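*Asks:* Pasting in a structure now, in structure tokens, and then I'll have a few things to ask.
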Amino acid sequence: MAPNTSRGSASNKRKSEKYKQTQEVKQETANISPKMKKIFGFTVEDITSWSRFKPLMNQPRDPAGLGIWRILFGFLMVLDVFQERGLPFADDKFSDPNLCFFPLFNFITPLPVDWMYLVYLILLIGAIGMCIGLFYRVSCLLYLIPYWYIFLLDKTTWNNHSYLFGLTAFLMTFVDANRFWSVDAIWNKNICNVHVPVWHYAILRLQIFLVYFIAGLKKLDLDWVQGFSMEELSINWVFDPFRLIGLSNTHIDYFIVHLGGLCLDLSAGFFLFFDFTRPVAAFFVSSFHVMNSQLFYIGLFPYVMLTTSLIFFYPDWPKKLFQKLPASLSTRLPSLTTPAQSLHCVYQRPHEIRNPPKSTGLKTEKRPNHSSSSSSSLSKFTKYHSFGALFFIFYTSIQLFLPYSHFITQGFNNWTNGLYGYSWDMMVHTWNVQHTKLRFLDKASDKEGYLSPDYWTETNRWKTHADMVKQYTTCVANKLHQLGVEEPTLYLDIWLSMNGRFQQRIWNPDTEMITAEWSPFKPTPWLMPLLTDLSDWRTKLAEIEEQLDSHIDVTFVADFPGLFLENFVDPHLGNTSLHVLSGNILVEIPAQKKNVSMAMGDTIKLSAGEFHNVHTVSSTPSCYMYLFVNTTRALINQRVAEFMEQHNLTFEDPDLTASLAELHVNTSDPEVVQILETIFLKLHNVNILNTSSLDKIQLFLQEKFHLLQRSASRMGQAMNHILLGGESVGALYMAEMEAHNEDDNPSPPRDEL
């Protein structure tokens with residue numbers, strides 16, 4: 001049989017075309033590579049081939065930039081121990097045996113308060129050691145371990161920047177940040193001014209890039225894009241420059257805060273990466289963080305982020321800066337010469353060892369090798385080089401996965417995904433908790449009552465997370481057992497608003513919380529859904545609020561069919577009314593033995609000092625609003641105005657305090673006392689507004705000195721108790737609280753329910 005020559009010819013033709021296409025792709029890649037190398041510093045082949053990726057990650061870099069950033073970060077972490085880590089008030093947090101804690105894992109429990117001070121002492125020593133580069137690796141571990149223990153001990157304090165500090169401290173443990181301007185480098189000349197691998201810079205840059213970029217991706221949330229996440233932020237003085245160019249507060253809130261914040265987060269990491277955009281990006285992100293430091297109480301986060309821009313600059317930038325300083329300071333500055341070779345780096349070309357880059361302008365220095373190995377050994381791969389490249393890949397993968405891992409940890413998802421603090425969803429959601437009701441029932445005695453939800457905790461964060469609700473109710477159940485409640489059951493009714501929506505329930509009020517099912521890997525069955533169908537109402541609600549007089553307050557409520565809201569009108573709210581916006585409700589007034597059916601547009605006036613129940617009887621959620629006037633506050637303000645006019649006094653008078661002291665008034669009259677207290681409170685607020693910048697700085701320093709003094713005093717007493725058996729900090733704290741309560745005639749203690 002004759003061979004099929006036409007079929008073979010066609011096959012060869014296809015192979016020839018495929019080969020030609022492959023060669024064209026290679027040629028295009030070859031043409032692109034030099035441009036990519038110039039722009040990014042690496043090529044596609046460098047990051048797709050292990051044999052090229054490993055030397056890329058271990059290229060030598062100047063240690064100066066990393067050393068300076070170590071000093072800055074370490075110094076800020078020293079301050080953070082006294083700021084957000086809570087050293088000055090550790091006795092408040094860990095001395096009271098009645099408080100509930102919310103650890104990530106229930107087996108993590110706080111130590112006795114004196115030993116917690118030892119934990120803080122180790123944390124502080126580690127931060128100082130990291131800052132000055134003394135026993136650097138040990139100091140990083142001394143800081144890292146206590147930091148994560150304190151962090152994991154209380155989920156109610158979690159936030160994105162505390163998580164970032166912990167991650168950064170973890171990375172600092174692995175990088176050679178003590179090769180420049182450190183005590184270790186002074187003591188050990190073999191590590192002084194020595195090259196560090198490029199991945200030591202790259203992994204820190206990557207972390208900061210992800211903070212910006214993923215925060216931008218999270219801001220693509222519809223609430224943020226539509227401008228509902230951060231309303232009324234524009235009233236702050238930091239936005240005054242934008243008002244000068246004619247922008248209204250509404251425009252500032254939307255275009256500057258929301259759209260501007262979105263664009264900055266999405267682009268900042270990229271612009272900091274490239275040489276030609278870095279100066280402009282550094283200016284904008286620095287301005288952004290300075291503004292944040294004035295807008296929010298977010299600890300040292302703005303200042304840490306200000307320093308992170310330095311990581312993106314060329315590693316030798318400190319040496320270039322120091323060279324411009326007077327020669328008289330040269331003896332006090334670290335070595336400004338070219339770094340020496342290091343076994344932690346891979347030198348593929350001899351000139352990388354002997355000659356600095358032309359752009360540096362640094363002096364060369366003849367120095368012996370810092371090892372007994374020959375120079376050729378510096379081009380050989382070691383396990384350290386493989387570890388660096390693998391660690392970079394592993395850490396990058398984890399950080400890309402965690403912010404979107406909520407499909408696994410479904411039990412932590414509520415109206416938002418996951419626990420707040422590790423997803424970089426910064427400021428996307430604003431919460432307003434309006435009402436919390438905690439009801440208990442003792443099955444053994446049929447005793448029923450209400451508990452103050454704040455008796456056993458000092459925070460509200462637990463109210464919006466199912467895992468913490470379970471921890472809280474379990475803790476309260478244990479406290480009730482200790483108080484003699486044999487078979488307690490607990491029911492929670494929590495109302496809150498997210499991003500300007502209606503106030504609504506977040507948990508099913510009919511669920512018994514102690515026995516309620518919860519799993520970290522399954523959706524929470526007793527979570528009430530967010531009423532997203534009513535989100536479009538927010539614009540109308542804002543319009544209603546704008547039309548109200550300044551002395552009228554409003555609360556917008558939405559409820560599910562078949563449920564009811566039990567509410568109490570405070571006696572001070574003498575003019576309260578309920579208005580139906582949508583759906584049908586039934587208002588039950590037990591004291592009057594009256595039920596009132598209401599539909600959209602109906603209004604009813606409610607008596608102060610009485611309970612009422614609002615039942616949703618329609619098949620769809622009901623929407624209604626409370627309008628109320630604090631008549632007591634209005635009456636007091638009127639009396640203050642009459643009092644000031646009667647005695648010819650004004651708040652603008654600089655001698656108002658002295659004038660009040662000279663008045664002959666009956667201070668035994670409760671009404672007069674109330675008037676004077678209101679005047680002094682307003683005067684205090686006026687004085688704060690009129691305080692000079694110098695006085696504010698003085699008050700700030702006095703406050704910080706007091707916190708430092710208190711921390712040192714409590715820590716010294718704790719160490720005295722541990723080492724010498726002196727009085728415990730906890731015992732002293734409880735004694736002080738008892739004395740304070742006796743002086744202030746307090747409400748009943750926790751064991752008197």
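Residues in the structure tokens are named by chain (A, B, ... in the order shown) and by number from 1 within that chain; ligands are numbered from 1 in the order shown.
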So that I can check the secondary structure, give me every residue of region 364-573 of chain A assigned strand (DSSP E) by backbone DSSP, as a PyMOL selection string.

*Replies:* chain A and resi 431-442+447-451+488-498+504-505+553-559+564-568

*Asks:* With a distance cut-off of 10 Å and only C-alpha atoms, select the neighbouring residues of Ser619 (chain A), excluding the residue or stretch itself and same-chain residues fewer than 4 positions from it, and output the selection as a list of chain:residue names.

*Replies:* A:Phe560, A:Pro561, A:Gly562, A:Gly583, A:Asn584

*Asks:* Suppose we keep N, CA, C and O atoms; can you now write the selection as a PDB file, in the first residue's frame?

*Replies:*
```
ATOM      1  N   PHE A 560     -38.706  42.627  61.195  1.00  0.00           N
ATOM      2  CA  PHE A 560     -39.144  41.487  60.403  1.00  0.00           C
ATOM      3  C   PHE A 560     -40.595  41.119  60.725  1.00  0.00           C
ATOM      4  O   PHE A 560     -41.063  41.331  61.850  1.00  0.00           O
ATOM      5  N   PRO A 561     -41.297  40.551  59.765  1.00  0.00           N
ATOM      6  CA  PRO A 561     -42.682  40.109  60.010  1.00  0.00           C
ATOM      7  C   PRO A 561     -42.739  39.085  61.141  1.00  0.00           C
ATOM      8  O   PRO A 561     -41.894  38.192  61.236  1.00  0.00           O
ATOM      9  N   GLY A 562     -43.735  39.237  62.020  1.00  0.00           N
ATOM     10  CA  GLY A 562     -43.934  38.298  63.108  1.00  0.00           C
ATOM     11  C   GLY A 562     -43.155  38.614  64.363  1.00  0.00           C
ATOM     12  O   GLY A 562     -43.353  37.958  65.394  1.00  0.00           O
ATOM     13  N   GLY A 583     -45.169  49.349  55.470  1.00  0.00           N
ATOM     14  CA  GLY A 583     -45.681  48.161  56.134  1.00  0.00           C
ATOM     15  C   GLY A 583     -46.782  48.481  57.129  1.00  0.00           C
ATOM     16  O   GLY A 583     -47.236  49.632  57.262  1.00  0.00           O
ATOM     17  N   ASN A 584     -47.201  47.455  57.883  1.00  0.00           N
ATOM     18  CA  ASN A 584     -48.256  47.595  58.885  1.00  0.00           C
ATOM     19  C   ASN A 584     -47.740  47.141  60.242  1.00  0.00           C
ATOM     20  O   ASN A 584     -47.036  46.125  60.343  1.00  0.00           O
TER      21      ASN A 584
END
```

*Asks:* Could you tell me how far CA of Ala599 (chain A) sits from CA of Ile506 (chain A), in Å to one decimal place?

*Replies:* 24.6 Å

*Asks:* Residues of region 538-748 of chain A in alpha helix (DSSP H) according to DSSP, as an MDAnalysis selection string?

*Replies:* chainID A and resid 538:547 631:646 656:662 670:690 693:724 729:744

*Asks:* Write out as number ranges by chain the residues lying within 9 Å of Val346 (chain A), counting only C-alpha atoms and excluding same-chain residues fewer than 4 positions away.

*Replies:* A: 55-60, 197, 342, 378-381, 385

*Asks:* How would the residues just chosen look if you wrote them out with N, CA and C atoms as a tab-separated table (two decimals), in the first residue's frame?

*Replies:*
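Heads up, here's the output in out_27.tsv:
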```
chain	number	residue	atom	x	y	z
A	55	PRO	N	18.20	33.19	42.37
A	55	PRO	CA	19.22	34.26	42.41
A	55	PRO	C	18.62	35.66	42.41
A	56	LEU	N	17.45	35.83	41.78
A	56	LEU	CA	16.80	37.14	41.81
A	56	LEU	C	16.49	37.56	43.24
A	57	MET	N	15.95	36.64	44.03
A	57	MET	CA	15.57	36.94	45.40
A	57	MET	C	16.77	37.14	46.32
A	58	ASN	N	17.94	36.70	45.92
A	58	ASN	CA	19.12	36.77	46.78
A	58	ASN	C	20.18	37.72	46.24
A	59	GLN	N	19.79	38.60	45.34
A	59	GLN	CA	20.72	39.62	44.88
A	59	GLN	C	21.10	40.53	46.04
A	60	PRO	N	22.33	41.05	46.05
A	60	PRO	CA	22.77	41.90	47.17
A	60	PRO	C	22.18	43.30	47.10
A	197	PRO	N	20.07	40.30	51.28
A	197	PRO	CA	19.39	39.83	50.06
A	197	PRO	C	18.22	40.73	49.70
A	342	SER	N	28.38	39.29	51.47
A	342	SER	CA	27.69	38.49	52.48
A	342	SER	C	27.36	37.12	51.93
A	378	LEU	N	30.69	32.70	47.20
A	378	LEU	CA	29.57	33.63	47.34
A	378	LEU	C	28.62	33.54	46.16
A	379	SER	N	29.01	32.86	45.09
A	379	SER	CA	28.14	32.68	43.94
A	379	SER	C	27.43	31.35	43.96
A	380	LYS	N	27.72	30.54	44.97
A	380	LYS	CA	27.09	29.24	45.07
A	380	LYS	C	25.81	29.34	45.90
A	381	PHE	N	24.83	28.52	45.54
A	381	PHE	CA	23.57	28.51	46.28
A	381	PHE	C	23.72	27.68	47.55
A	385	HIS	N	19.64	30.47	50.69
A	385	HIS	CA	19.12	31.11	49.48
A	385	HIS	C	17.80	30.46	49.05
```

*Asks:* Need the shell around Val113 (chain A): protein/DNA/RNA residues with any atom at most 9 Å away, counting only C-alpha atoms. Skip same-chain ones fewer than 3 positions apart. Format as a VMD selection string?

*Replies:* chain A and resid 90 to 91 93 to 95 110 116 to 118 718 728 to 730

*Asks:* Report the distance between CA of Thr457 (chain A) and CA of Pro97 (chain A) in Å, rounded to one decimal place.

*Replies:* 10.9 Å

*Asks:* CA of Glu588 (chain A) to CA of Asn613 (chain A): how many Å, to one decimal?

*Replies:*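 So the two atoms, CA of Glu588 (chain A) and CA of Asn613 (chain A), lie 4.9 Å apart.
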
*Asks:* Find the spatial neighbours of region 523-535 of chain A, counting only C-alpha atoms, within a cut-off of 8 Å - ignore same-chain residues fewer than 6 positions away - and output them as a list in words.

*Replies:*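 Contacts, with the query itself left out: Gln410, Gly411, Phe412, Asn413, Asn414, Trp415, Ala466, Arg501, Phe502, Arg505, Ile506, Trp507, Asn508, Thr511, Ala516 and Glu517 of chain A.
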
*Asks:* Tell me, as a PDB file with N, CA and C atoms, in the first residue's frame, which residues lie within 9 Å of Cys475 (chain A), counting only C-alpha atoms; anything in the same chain fewer than 3 positions away does not count.

*Replies:*
```
ATOM      1  N   LEU A  99     -14.854  40.280  84.576  1.00  0.00           N
ATOM      2  CA  LEU A  99     -14.857  40.613  83.161  1.00  0.00           C
ATOM      3  C   LEU A  99     -14.729  39.367  82.294  1.00  0.00           C
ATOM      4  N   CYS A 100     -15.393  39.396  81.147  1.00  0.00           N
ATOM      5  CA  CYS A 100     -15.315  38.314  80.166  1.00  0.00           C
ATOM      6  C   CYS A 100     -14.241  38.652  79.127  1.00  0.00           C
ATOM      7  N   PHE A 101     -13.589  37.601  78.609  1.00  0.00           N
ATOM      8  CA  PHE A 101     -12.570  37.783  77.578  1.00  0.00           C
ATOM      9  C   PHE A 101     -13.003  37.058  76.310  1.00  0.00           C
ATOM     10  N   TRP A 456     -20.339  42.789  82.419  1.00  0.00           N
ATOM     11  CA  TRP A 456     -19.233  41.829  82.331  1.00  0.00           C
ATOM     12  C   TRP A 456     -18.270  42.116  81.177  1.00  0.00           C
ATOM     13  N   LYS A 470     -21.369  34.072  71.400  1.00  0.00           N
ATOM     14  CA  LYS A 470     -21.339  32.772  72.080  1.00  0.00           C
ATOM     15  C   LYS A 470     -20.398  32.809  73.280  1.00  0.00           C
ATOM     16  N   GLN A 471     -19.237  33.402  73.105  1.00  0.00           N
ATOM     17  CA  GLN A 471     -18.291  33.489  74.215  1.00  0.00           C
ATOM     18  C   GLN A 471     -18.862  34.342  75.345  1.00  0.00           C
ATOM     19  N   TYR A 472     -19.528  35.421  74.981  1.00  0.00           N
ATOM     20  CA  TYR A 472     -20.088  36.312  75.992  1.00  0.00           C
ATOM     21  C   TYR A 472     -21.191  35.617  76.789  1.00  0.00           C
ATOM     22  N   ASN A 478     -21.767  31.332  83.217  1.00  0.00           N
ATOM     23  CA  ASN A 478     -20.892  30.894  84.317  1.00  0.00           C
ATOM     24  C   ASN A 478     -20.974  31.848  85.498  1.00  0.00           C
ATOM     25  N   LYS A 479     -21.067  33.148  85.222  1.00  0.00           N
ATOM     26  CA  LYS A 479     -21.198  34.123  86.308  1.00  0.00           C
ATOM     27  C   LYS A 479     -22.524  33.930  87.041  1.00  0.00           C
ATOM     28  N   LEU A 480     -23.579  33.636  86.275  1.00  0.00           N
ATOM     29  CA  LEU A 480     -24.889  33.423  86.906  1.00  0.00           C
ATOM     30  C   LEU A 480     -24.885  32.177  87.765  1.00  0.00           C
TER      31      LEU A 480
END
```

*Asks:* Quick one: of A:Thr157, A:Thr277, A:Thr338, A:Asn98, who's nearest to Cys192 (chain A), counting only C-alpha atoms?

*Replies:*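 Of A:Thr157, A:Thr277, A:Thr338, A:Asn98, the one nearest Cys192 (chain A), counting only C-alpha atoms, is A:Thr338.
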